[in-house]
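Below is one structure, written out as C-alpha cells; comments come after it.
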Amino acid sequence: MELKALLTYARPYTASLVTVVILSLTCALGLLALPWIAGRLLGSLLGNDNISALSMAMLLAGVLAALAIMQVASAIASANASTKIEADFKGDIFAHVQRLPMEYFDRKRQGDLLALLTWEVSRLGTFVAGTLAAAPAALLTAVGASVALFMIEPSLASLALLLVPFCYLVQRMIGRELRGLSTKIQKAEASIFASAQSNLEMLPATKAFAREEIGLRGYRQVIEKLRRLKVRRQKILATVGPALLLVTGLGGLLLILLTHQTLGGAQTDPAAFVTFLLYLALLICAIFSLAGFQNRFSTARGTLERLNHVLGKAAEPGYAKPPLESAGRGWISFNDVWFGYPRRHDTLRGVDFDIEAGEIVALTGESGAGKSTILALLLAFYTPRRGTIKIDGCDIAQMSLQQARGQIGYVPQHPLLQNGSIRENLTLGQGDFSLIEIKRACKLAQAHDFIMQLPDGYRTQIGDHGDNLSASQRQRLALARALLTEPPILVLDEATSHLDAEDEAALVELFRNGEIGSTTIIVSHRPAMLALADRILTIKDGKVSETGRRAIVRGVPPSGSTVTIDQPG
C-alpha cells in the first residue's frame with residue numbers, strides 16, 4: 001500500500017479531512033496576517049502610519065484570539081478524523097486478516113501481526129489526519145511568506161528563498177537513510193512484541209526447566225538490536241538537524257543584517273523592517289515543517305510496506321460464494337483427496353470414505369498420520385491439492401465458507417477460549433441464543449453443574465485462555481459451545497482427554513440415547529469413545545481403511561442401531 005492507496009482508503013473520510021484542511025488553512029492565513037498587522041501597529045506607535053494604534057492593537061488581539069480558536073478547533077477536528085480513520089482501518093485490516101487462509105498463519109509470527117494491527121496502524125491515522133492534512137497549510141504559509149517578502153524587498157527575498165532548495169536537498173538525503181532505518185526499527189519493535197508474547201506463553205515450561213536466564217538472554221538480544229538501530233537513527237538526527245538549523249540560522253542572521261541595512265538603516269521604515277523579519281521567521285518555520293514531512297512520511301511508509309504485505313494476500317475465496325441448497329443432514333464424503341503441507345511430502349494420498357448422516361466414526365492412526373489434517377480439510381481450513389470433499393452431496397469448494405463451517409460443531413484438542421465471561425465464550429458474541437438454549441448445551445456437555453457453583457454463574461470471567469478454570473472445565477465448555485448450535489456434524493478432536501471417567505461415561509450415554517444425534521467424527525485414544533463408534537477408520541501411509549463396523553440403519557441416529565461388530569478378516 002503506497003501513499004496513493006492510503007489516500008484512496010481515506011476517501012470515506014473526505015468531509016472530515018477537508019474540515020481539518022480548511023481549519024489549518026484558516027490558521028495559516030491568520031499567521032500570515034500577523035506580521036503585517038504587527039508592522040502597521042509599530043508604524044502607528046512610531047507615528048509613521050496614519051492608522052490608529054488602538055485600532056491595530058484591537059485587530060491584532062482579535063486575530064490572535066481567532067487564531068487560538070481555529071488552532072483548537074483544528075486540533076480537535078484532526079484528532080476526530082485520525083481516530084476515526086485509525087479505528088476503521090484497524091477493523092478493516094483485522095477483517096481481512098480473519099479471512100486469510102490458515103497457510104498464511106502457519107508461516108507468519110503472530111506477534112508481528114499483533115504489532116501491525118495495534119500500535120503500528122495507529123500511526124497511519126495520525127499521519128493522514130495530522131501530517132497530510134496540515135501540509136497544505138504549511139505550503140500556504142511558505143508561499144504567502146515568500147510573496148510578502150518579495151513585496152517588501154525583492155532582492156532580499158531572493159536570498160531568503162535560497163534556503164528552500166538547500167533544506168529540501170538535505171532533508172531528502174536524510175529521508176532516504178531514515179526510510180530504511182524506520183522499516184528496520186518497526187520490524188525490530190515487532191520482534192520484541194513477538195518475543196515477549198512467545199516468552200509469556202512459554203513461561204510455565206521456562207519455569208519448569210529453570211530456563212529463565214536463557215529466555216531473558218534471547219529477549220535482551222532483540223532489545224539490543226532495536227537499541228542499536230535507534231541510536232543509529234538518533235545520530236543522524238542529532239547531527240544533521242542541528243547542522244541544518246545552524247546553516248539556516250546563519251542565513252537568517254545574514255538576511256537580518258542585510259534587511260536592517262536596506263530597510264532599517266536610515267530608520268525610514270521600521271515597520272517594514274519588523275514585518276520583513278516576521279515573514280522571514282514564518283518562512284523558515286514553514287520550510288522546517290515541510291522538510292519534516294519527509295521524515296514522517298518515511299516512518300509511515302515503513303508501516304505501509306508491512307501492511308501491503310498483509311493486504312496483498314488473497315482471502316479465502318469461499319467468503320464470496322453464495323450459499324447452496326443443502327439438506328443439513330450431515331452426510332460426509334471424501335473422494336480421492338490428496339493434501340500435503342508446504343515443503344513436506346503429501347500427508348494424504350488419495351483418501352476415500354463416506355460417513356452416513358447420524359453415523360459415529362472414529363479416526364485412528366499413528367501420530368502425524370493425518371487425523372487432524374482430515375478434520376482441517378473438512379472445516380475448509382485448507383484446500384486439497386486434488387479430490388473433492390462433500391457435505392450432503394455439495395462440494396465444500398463450491399459452498400460459502402459460512403455455510404460449510406456453520407454445519408460443523410468443532411471441539412479442538414486444545415480448547416480455544418478468550419478472556420471474557422462463560423456466556424461470551426459459549427456464544428462467541430452471537431446474541432440470539434437464549435439462556436435456556438445455553439443451559440441445555442451445557443447440561444449435555446456436563447458443564448452446567450460446575451458453572452452454577454461459580455460465584456457469578458454464566459457471567460463468571462474465565463481469564464486469558466480460560467486459565468481460571470481447570471483443564472476438564474475448559475474442555476466441557478468447548479464441547480458445550482459446539483453443541484449449542486445443534487450442528488448436523490460434530491467433530492471431536494481428543495475432546496474428552498481431560499474428562500474423568502464419570503463425565504466421559506455420561507457423555508457416551510447421551511450419544512447412545514440419541515440426545516446427541518449429530519454425525520460425529522471422533523479422534524481419541526480413550527477406549528470408551530472408540531467403543532462408541534459405529535465404524536473405525538484407520539489412517540496409514542496417507543490412505544484410509546476401515547477396521548471395524550457396527551451395523552446401523554442409514555440415516556438413523558446411532559441410538560437406533562443394533563450393536564454387532566464386523567471384525568476385519
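Identifiers for the C-alpha cells are assigned positionally: chains receive A, B, ... in sequence, residues are indexed from 1 per chain, and ligands are indexed from 1 in the order shown.
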Taking the DSSP assignment computed from this structure's backbone, write out as an NGL selection string all residues of segment 217-454 of chain A that belong to strand (DSSP E). :A and (332-339 or 348-355 or 360-365 or 386-391 or 394-395 or 408-411)
Those residues with C-alpha atoms, as a CSV table (one decimal), in the first residue's frame please?
```
chain,number,residue,atom,x,y,z
A,332,ILE,CA,-19.8,-36.6,4.5
A,333,SER,CA,-17.8,-37.8,1.5
A,334,PHE,CA,-14.1,-37.7,0.8
A,335,ASN,CA,-13.3,-38.6,-2.8
A,336,ASP,CA,-9.6,-39.2,-3.9
A,337,VAL,CA,-8.3,-36.4,-1.6
A,338,TRP,CA,-4.6,-35.5,-1.8
A,339,PHE,CA,-3.0,-33.0,0.5
A,348,LEU,CA,-3.0,-37.7,2.4
A,349,ARG,CA,-2.7,-39.8,-0.8
A,350,GLY,CA,-6.0,-40.5,-2.4
A,351,VAL,CA,-8.2,-40.7,0.7
A,352,ASP,CA,-11.7,-42.1,0.1
A,353,PHE,CA,-14.5,-42.7,2.6
A,354,ASP,CA,-18.2,-41.9,3.2
A,355,ILE,CA,-19.9,-41.1,6.6
A,360,ILE,CA,-20.4,-42.0,14.6
A,361,VAL,CA,-17.0,-42.7,13.1
A,362,ALA,CA,-13.6,-42.8,14.9
A,363,LEU,CA,-10.4,-41.9,13.1
A,364,THR,CA,-7.3,-43.7,14.3
A,365,GLY,CA,-3.7,-43.9,13.3
A,386,ARG,CA,-6.7,-32.9,-5.6
A,387,GLY,CA,-10.0,-34.6,-5.0
A,388,THR,CA,-13.4,-33.4,-3.5
A,389,ILE,CA,-14.9,-33.2,-0.1
A,390,LYS,CA,-18.7,-33.1,0.1
A,391,ILE,CA,-21.3,-32.4,2.7
A,394,CYS,CA,-22.4,-30.5,-2.1
A,395,ASP,CA,-18.7,-29.9,-2.8
A,408,ILE,CA,-20.0,-28.3,11.9
A,409,GLY,CA,-19.6,-28.2,15.6
A,410,TYR,CA,-15.9,-28.3,16.3
A,411,VAL,CA,-14.2,-29.3,19.6
```
Wanna dump the segment 65-131 of chain A-segment 298-311 of chain A contacts at 8 Å for me, each residue with its shortest atom pair and the distance in Å to one decimal, counting only C-alpha atoms, ordered by chain and number, as a tab-separated table?
```
residue	atom	partner	partner_atom	distance
A:Ile93	CA	A:Leu311	CA	7.4
A:His96	CA	A:Leu311	CA	7.1
A:Val97	CA	A:Val310	CA	7.5
A:Leu116	CA	A:Leu307	CA	7.4
A:Glu120	CA	A:Thr303	CA	6.4
A:Val121	CA	A:Thr303	CA	7.2
A:Arg123	CA	A:Ala300	CA	6.9
A:Leu124	CA	A:Ala300	CA	6.3
A:Phe127	CA	A:Ala300	CA	7.0
```
Filtering to C-alpha atoms, could you give me those residues as a compact mmCIF listing (two decimals), in the first residue's frame?
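After the write, result.txt holds the following:
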```
# COMPACT_ATOMS: atom_id res chain seq x y z
CA ILE A 93 -7.42 -4.84 8.38
CA HIS A 96 -9.04 -9.05 6.10
CA VAL A 97 -6.67 -10.95 8.39
CA LEU A 116 0.92 -4.30 12.99
CA GLU A 120 1.72 0.49 14.02
CA VAL A 121 -1.63 1.16 12.34
CA ARG A 123 0.49 5.95 13.20
CA LEU A 124 -1.30 5.96 9.87
CA PHE A 127 -0.23 10.65 9.51
```
Kindly give the distance, in Å, that separates atom CA of Thr519 of chain A and atom CA of Leu428 of chain A, rounded to a single decimal.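 Taking atom CA of Thr519 of chain A as the start and atom CA of Leu428 of chain A as the end point, the length is 22.9 Å.
In this structure, atom CA of Ala73 of chain A sits 10.0 Å away from atom CA of Cys27 of chain A.
The closest residue to Pro270 of chain A, picked from A:Leu377, A:Leu444, A:Leu46, A:Ile438 and counting only C-alpha atoms, is A:Leu46.
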Give me, as a PDB file with C-alpha atoms, in the first residue's frame, all polymer residues having an atom no more than 12 Å from Leu132 of chain A, counting only C-alpha atoms and skipping those fewer than 3 positions away in the same chain.
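As a result, out04.pdb now contains:
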```pdb
ATOM      1  CA  LEU A   3       0.564   6.801  -0.346  1.00  0.00           C
ATOM      2  CA  LYS A   4      -1.922   6.866  -3.227  1.00  0.00           C
ATOM      3  CA  LEU A   6      -3.721   5.150   1.565  1.00  0.00           C
ATOM      4  CA  LEU A   7      -5.407   8.300   0.272  1.00  0.00           C
ATOM      5  CA  ALA A  10      -9.161   7.630   3.350  1.00  0.00           C
ATOM      6  CA  LEU A  17     -10.248  15.707   6.292  1.00  0.00           C
ATOM      7  CA  VAL A  18     -11.473  18.709   4.287  1.00  0.00           C
ATOM      8  CA  VAL A  20      -9.143  19.777   9.018  1.00  0.00           C
ATOM      9  CA  VAL A  21      -7.535  21.241   5.892  1.00  0.00           C
ATOM     10  CA  SER A  24      -5.459  24.549   9.036  1.00  0.00           C
ATOM     11  CA  SER A  78      -7.682  16.384  13.396  1.00  0.00           C
ATOM     12  CA  ALA A  81     -10.556  12.369  11.905  1.00  0.00           C
ATOM     13  CA  SER A  82      -7.385  10.484  12.831  1.00  0.00           C
ATOM     14  CA  LEU A 124      -1.296   5.956   9.872  1.00  0.00           C
ATOM     15  CA  GLY A 125      -4.413   7.695  11.197  1.00  0.00           C
ATOM     16  CA  THR A 126      -2.241  10.416  12.722  1.00  0.00           C
ATOM     17  CA  PHE A 127      -0.226  10.653   9.512  1.00  0.00           C
ATOM     18  CA  VAL A 128      -3.296  11.127   7.290  1.00  0.00           C
ATOM     19  CA  ALA A 129      -5.288  13.492   9.520  1.00  0.00           C
ATOM     20  CA  ALA A 135       0.813  20.006   4.696  1.00  0.00           C
ATOM     21  CA  PRO A 136      -1.339  22.422   2.595  1.00  0.00           C
ATOM     22  CA  ALA A 137      -1.315  24.914   5.464  1.00  0.00           C
ATOM     23  CA  ALA A 138       2.493  24.730   5.734  1.00  0.00           C
ATOM     24  CA  LEU A 139       2.749  25.146   1.979  1.00  0.00           C
ATOM     25  CA  SER A 289       7.587  21.906   8.744  1.00  0.00           C
ATOM     26  CA  LEU A 290       7.581  20.828   5.110  1.00  0.00           C
ATOM     27  CA  GLY A 292       9.854  17.303   8.494  1.00  0.00           C
ATOM     28  CA  PHE A 293       7.039  15.908   6.385  1.00  0.00           C
ATOM     29  CA  GLN A 294       9.596  13.776   4.552  1.00  0.00           C
ATOM     30  CA  ARG A 296       7.258  11.446   8.996  1.00  0.00           C
ATOM     31  CA  PHE A 297       6.403  10.012   5.591  1.00  0.00           C
ATOM     32  CA  ALA A 300       4.622   5.918   7.695  1.00  0.00           C
TER      33      ALA A 300
END
```
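With only C-alpha atoms taken into account, the protein and nucleic acid residues at most 6 Å from Gln413 of chain A (excluding it and anything under 2 positions from it in its own chain) are Asp493, Glu494 and Ala495 of chain A.
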Let's have the selection written as a PDB file, in the first residue's frame, with C-alpha atoms.
```pdb
ATOM      1  CA  ASP A 493     -10.571 -33.931  18.329  1.00  0.00           C
ATOM      2  CA  GLU A 494      -9.413 -35.525  21.611  1.00  0.00           C
ATOM      3  CA  ALA A 495     -12.391 -33.703  23.135  1.00  0.00           C
TER       4      ALA A 495
END
```
Leaving out Thr275 of chain A and any residue of its chain fewer than 6 positions from it, which residues lie within 8 Å of it when counting only C-alpha atoms, given as a ChimeraX atom specification? /A:35-36,38-39
Using the selection just defined, write its residues with N, CA and C atoms as a PDB file, in the first residue's frame.
```
ATOM      1  N   PRO A  35       2.297  39.278  10.838  1.00  0.00           N
ATOM      2  CA  PRO A  35       3.419  40.200  10.596  1.00  0.00           C
ATOM      3  C   PRO A  35       2.972  41.548  10.032  1.00  0.00           C
ATOM      4  N   TRP A  36       2.024  41.506   9.099  1.00  0.00           N
ATOM      5  CA  TRP A  36       1.547  42.761   8.521  1.00  0.00           C
ATOM      6  C   TRP A  36       0.888  43.641   9.585  1.00  0.00           C
ATOM      7  N   ALA A  38       1.334  43.484  12.855  1.00  0.00           N
ATOM      8  CA  ALA A  38       2.350  43.915  13.824  1.00  0.00           C
ATOM      9  C   ALA A  38       3.160  45.080  13.264  1.00  0.00           C
ATOM     10  N   GLY A  39       3.491  45.021  11.956  1.00  0.00           N
ATOM     11  CA  GLY A  39       4.240  46.118  11.340  1.00  0.00           C
ATOM     12  C   GLY A  39       3.441  47.403  11.310  1.00  0.00           C
TER      13      GLY A  39
END
```
Atom CA of Pro322 of chain A to atom CA of Ile521 of chain A, distance in Å rounded to a single decimal: 26.8 Å
In terms of only C-alpha atoms, the residue from A:Lys439, A:Gly144, A:Ser434, A:Leu479 at minimal distance from Leu29 of chain A is A:Gly144
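In this comparison, which uses only C-alpha atoms, the residue of A:Ile185, A:Ala210, A:Ile284, A:Val508 approaching Arg227 of chain A most closely is A:Ile185.
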What's the 12 Å shell around segment 98-107 of chain A, counting only C-alpha atoms, without same-chain residues fewer than 5 positions away, as a ChimeraX atom specification? /A:91-93,112-113,117,309-320,340-343,376-377,379-383,401-402
What lies within 6 Å of Ser518 of chain A using only C-alpha atoms, ignoring chain neighbours under 6 positions off, as an MDAnalysis selection string? chainID A and resid 358 488:490
